[in-house]
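**Student:** Okay, handing you the structure first.
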Amino acid sequence: MARPVFGRVRPSEEAASPRVTHLDRDRALVEDARRDPARFDALYRRYLAQVYSYAFYELGDHHEAEDATERTFVAALTNLDRFEERAKPADGEGASTFRVWLFRIARNVVANHRRGRRRHPQASLDAAALVADPLDVEGRAAVRDEAAAAWRAVGRLPADRRRALVLRFVDEMSTAEIAGVLGRSEGAVRVLIHRALRTVARDLSRADARQ
């Protein structure tokens with residue numbers, strides 16, 4: 001039986017017409033930053049932790065994640081005039097296409113980091129578990145061991161399944177947002193997440209059986 005180690009998820013959005021509307025919750029902040037680049041700081045503070053978490057789960061190294069995060073925001077600020085708001089009703093109430101655009105940049109930055117490596121690093125998924133639960137209250141050791149086992153299973157997933165889980169359960173993105181980041185349909189994202197969770201649950205069950 002799968003354990004609830006991935007955090008809370010927002011309710012699924014109801015299907016709606018693909019008609020383009022203006023729902024982007026970050027529109028005012030984006031417009032401010034376009035008028036005055038110093039105002040970009042508000043967007044930076046809003047999404048810093050999310051981008052860093054994504055980069056860390058992808059790269060498994062705090063220093064590389066910090067570098068990737070910095071590069072992501074520099075690229076976003078530099079190219080802000082190219083951003084086009086295209087939110088749809090299916091994206092849900094208070095959607096942010098800016099966030100999707102920002103995570104596309106992060107995905108490309110992470111991919112460049114990976115290509116620049118001479119070998120694949122040995123990521124510490126125990127550390128990843130701590131990022132997922134930074135407060136770590138009573139029962140800390142047992143919870144950490146359980147979470148680490150789960151994230152080791154996540155680390156063995158194919159790349160797109162792993163990214164889909166991280167975006168869904170760490171960054172709490174909707175399936176519509178994940179589809180925008182990964183360049184896939186919402187249906188394909190749901191399949192990725194479903195198959196990934198089944199694989200993780202199976203790995204955890206096998207580990208329990210061995211104990």
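Going through the structure tokens in order, the chains are called A, B, and so on, while each chain numbers its residues from 1 and the ligands are numbered from 1 in the order shown.
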Residues near Arg99 (chain A), anyone? I mean within 10 Å using only C-alpha atoms, not counting same-chain ones fewer than 5 positions away, as a list in words.
**Tutor:** Asp24, Arg25, Asp26, Leu43, Arg46, Tyr47, Gln50, Val51, Arg104, Ile105, Met173, Glu177, Gly180 and Val181 of chain A
**Student:** Excluding same-chain residues fewer than 6 positions from region 189-195 of chain A, what lies within 12 Å of it counting only C-alpha atoms, as a PDB file with C-alpha atoms, in the first residue's frame?
**Tutor:**
ATOM      1  CA  SER A  12      -8.673  18.298 -10.071  1.00  0.00           C
ATOM      2  CA  VAL A 154      11.038   7.951  -7.454  1.00  0.00           C
ATOM      3  CA  LEU A 157      11.622   6.196 -12.484  1.00  0.00           C
ATOM      4  CA  PRO A 158      12.015   7.225 -16.133  1.00  0.00           C
ATOM      5  CA  ALA A 159      12.720  10.949 -16.427  1.00  0.00           C
ATOM      6  CA  ASP A 160       9.274  12.223 -17.467  1.00  0.00           C
ATOM      7  CA  ARG A 161       7.486  10.135 -14.829  1.00  0.00           C
ATOM      8  CA  ARG A 162       9.837  11.467 -12.160  1.00  0.00           C
ATOM      9  CA  ARG A 163       9.363  15.067 -13.317  1.00  0.00           C
ATOM     10  CA  ALA A 164       5.587  14.662 -13.407  1.00  0.00           C
ATOM     11  CA  LEU A 165       5.558  13.428  -9.798  1.00  0.00           C
ATOM     12  CA  VAL A 166       7.826  16.205  -8.569  1.00  0.00           C
ATOM     13  CA  LEU A 167       5.786  18.906 -10.300  1.00  0.00           C
ATOM     14  CA  ARG A 168       2.528  17.418  -9.009  1.00  0.00           C
ATOM     15  CA  PHE A 169       3.397  16.557  -5.420  1.00  0.00           C
ATOM     16  CA  MET A 173       0.979  21.963 -10.062  1.00  0.00           C
ATOM     17  CA  SER A 174      -2.253  21.057 -11.806  1.00  0.00           C
ATOM     18  CA  THR A 175      -2.188  18.517 -14.624  1.00  0.00           C
ATOM     19  CA  ALA A 176      -2.777  21.397 -17.055  1.00  0.00           C
ATOM     20  CA  GLU A 177       0.300  23.217 -15.762  1.00  0.00           C
ATOM     21  CA  ILE A 178       2.426  20.066 -15.882  1.00  0.00           C
ATOM     22  CA  ALA A 179       1.289  19.447 -19.444  1.00  0.00           C
ATOM     23  CA  GLY A 180       2.508  22.941 -20.328  1.00  0.00           C
ATOM     24  CA  VAL A 181       5.890  22.391 -18.665  1.00  0.00           C
ATOM     25  CA  LEU A 182       6.503  18.951 -20.190  1.00  0.00           C
ATOM     26  CA  GLY A 183       4.973  19.693 -23.582  1.00  0.00           C
ATOM     27  CA  ALA A 201       3.932   1.626  -4.560  1.00  0.00           C
ATOM     28  CA  ARG A 202       5.133  -1.684  -5.985  1.00  0.00           C
TER      29      ARG A 202
END
**Student:** Applying 7 Å and only C-alpha atoms, which residues near region 72-76 of chain A remain after dropping the ones on its own chain fewer than 2 positions away? List them as a PDB file with all heavy atoms, in the first residue's frame.
**Tutor:**
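Result saved to part-v5.pdb:
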ATOM      1  N   ALA A  68      21.265  26.468 -10.980  1.00  0.00           N
ATOM      2  CA  ALA A  68      20.188  26.327 -11.957  1.00  0.00           C
ATOM      3  C   ALA A  68      19.044  27.293 -11.652  1.00  0.00           C
ATOM      4  O   ALA A  68      18.446  27.876 -12.565  1.00  0.00           O
ATOM      5  CB  ALA A  68      19.673  24.889 -11.971  1.00  0.00           C
ATOM      6  N   THR A  69      18.751  27.475 -10.374  1.00  0.00           N
ATOM      7  CA  THR A  69      17.694  28.400  -9.975  1.00  0.00           C
ATOM      8  C   THR A  69      18.052  29.828 -10.367  1.00  0.00           C
ATOM      9  O   THR A  69      17.227  30.569 -10.925  1.00  0.00           O
ATOM     10  CB  THR A  69      17.462  28.314  -8.456  1.00  0.00           C
ATOM     11  OG1 THR A  69      17.063  26.980  -8.114  1.00  0.00           O
ATOM     12  CG2 THR A  69      16.383  29.289  -8.018  1.00  0.00           C
ATOM     13  N   GLU A  70      19.296  30.208 -10.085  1.00  0.00           N
ATOM     14  CA  GLU A  70      19.739  31.555 -10.442  1.00  0.00           C
ATOM     15  C   GLU A  70      19.659  31.773 -11.949  1.00  0.00           C
ATOM     16  O   GLU A  70      19.159  32.808 -12.421  1.00  0.00           O
ATOM     17  CB  GLU A  70      21.174  31.776  -9.962  1.00  0.00           C
ATOM     18  CG  GLU A  70      21.727  33.147 -10.307  1.00  0.00           C
ATOM     19  CD  GLU A  70      23.168  33.336  -9.861  1.00  0.00           C
ATOM     20  OE1 GLU A  70      23.697  32.438  -9.159  1.00  0.00           O
ATOM     21  OE2 GLU A  70      23.765  34.362 -10.210  1.00  0.00           O
ATOM     22  N   THR A  78      15.446  38.360 -18.265  1.00  0.00           N
ATOM     23  CA  THR A  78      15.983  38.813 -19.542  1.00  0.00           C
ATOM     24  C   THR A  78      14.968  38.692 -20.667  1.00  0.00           C
ATOM     25  O   THR A  78      14.920  39.529 -21.572  1.00  0.00           O
ATOM     26  CB  THR A  78      17.250  38.007 -19.898  1.00  0.00           C
ATOM     27  OG1 THR A  78      18.210  38.147 -18.851  1.00  0.00           O
ATOM     28  CG2 THR A  78      17.852  38.482 -21.211  1.00  0.00           C
ATOM     29  N   ASN A  79      14.145  37.649 -20.606  1.00  0.00           N
ATOM     30  CA  ASN A  79      13.206  37.370 -21.694  1.00  0.00           C
ATOM     31  C   ASN A  79      11.757  37.685 -21.342  1.00  0.00           C
ATOM     32  O   ASN A  79      10.836  37.220 -22.024  1.00  0.00           O
ATOM     33  CB  ASN A  79      13.317  35.892 -22.087  1.00  0.00           C
ATOM     34  CG  ASN A  79      14.660  35.553 -22.687  1.00  0.00           C
ATOM     35  OD1 ASN A  79      14.937  35.861 -23.845  1.00  0.00           O
ATOM     36  ND2 ASN A  79      15.515  34.907 -21.902  1.00  0.00           N
ATOM     37  N   LEU A  80      11.540  38.485 -20.316  1.00  0.00           N
ATOM     38  CA  LEU A  80      10.183  38.718 -19.835  1.00  0.00           C
ATOM     39  C   LEU A  80       9.284  39.328 -20.910  1.00  0.00           C
ATOM     40  O   LEU A  80       8.079  39.050 -20.948  1.00  0.00           O
ATOM     41  CB  LEU A  80      10.228  39.636 -18.604  1.00  0.00           C
ATOM     42  CG  LEU A  80       8.930  39.739 -17.795  1.00  0.00           C
ATOM     43  CD1 LEU A  80       8.517  38.363 -17.274  1.00  0.00           C
ATOM     44  CD2 LEU A  80       9.125  40.706 -16.626  1.00  0.00           C
ATOM     45  N   LEU A 102       7.908  29.866 -16.617  1.00  0.00           N
ATOM     46  CA  LEU A 102       9.111  29.851 -15.775  1.00  0.00           C
ATOM     47  C   LEU A 102       9.656  28.432 -15.623  1.00  0.00           C
ATOM     48  O   LEU A 102      10.874  28.216 -15.695  1.00  0.00           O
ATOM     49  CB  LEU A 102       8.770  30.436 -14.408  1.00  0.00           C
ATOM     50  CG  LEU A 102       9.920  30.531 -13.398  1.00  0.00           C
ATOM     51  CD1 LEU A 102      10.966  31.539 -13.867  1.00  0.00           C
ATOM     52  CD2 LEU A 102       9.375  30.929 -12.022  1.00  0.00           C
ATOM     53  N   ILE A 105      11.520  27.216 -18.627  1.00  0.00           N
ATOM     54  CA  ILE A 105      12.898  27.715 -18.590  1.00  0.00           C
ATOM     55  C   ILE A 105      13.732  26.858 -17.643  1.00  0.00           C
ATOM     56  O   ILE A 105      14.852  26.450 -17.973  1.00  0.00           O
ATOM     57  CB  ILE A 105      12.923  29.194 -18.146  1.00  0.00           C
ATOM     58  CG1 ILE A 105      12.231  30.074 -19.177  1.00  0.00           C
ATOM     59  CG2 ILE A 105      14.374  29.655 -17.930  1.00  0.00           C
ATOM     60  CD1 ILE A 105      12.077  31.525 -18.741  1.00  0.00           C
ATOM     61  N   ALA A 106      13.192  26.570 -16.445  1.00  0.00           N
ATOM     62  CA  ALA A 106      13.915  25.742 -15.476  1.00  0.00           C
ATOM     63  C   ALA A 106      14.224  24.367 -16.055  1.00  0.00           C
ATOM     64  O   ALA A 106      15.322  23.835 -15.857  1.00  0.00           O
ATOM     65  CB  ALA A 106      13.090  25.600 -14.196  1.00  0.00           C
ATOM     66  N   VAL A 109      17.136  24.755 -18.373  1.00  0.00           N
ATOM     67  CA  VAL A 109      18.366  25.006 -17.624  1.00  0.00           C
ATOM     68  C   VAL A 109      18.882  23.712 -17.003  1.00  0.00           C
ATOM     69  O   VAL A 109      20.081  23.410 -17.060  1.00  0.00           O
ATOM     70  CB  VAL A 109      18.130  26.074 -16.538  1.00  0.00           C
ATOM     71  CG1 VAL A 109      19.325  26.151 -15.585  1.00  0.00           C
ATOM     72  CG2 VAL A 109      17.878  27.435 -17.175  1.00  0.00           C
TER      73      VAL A 109
END
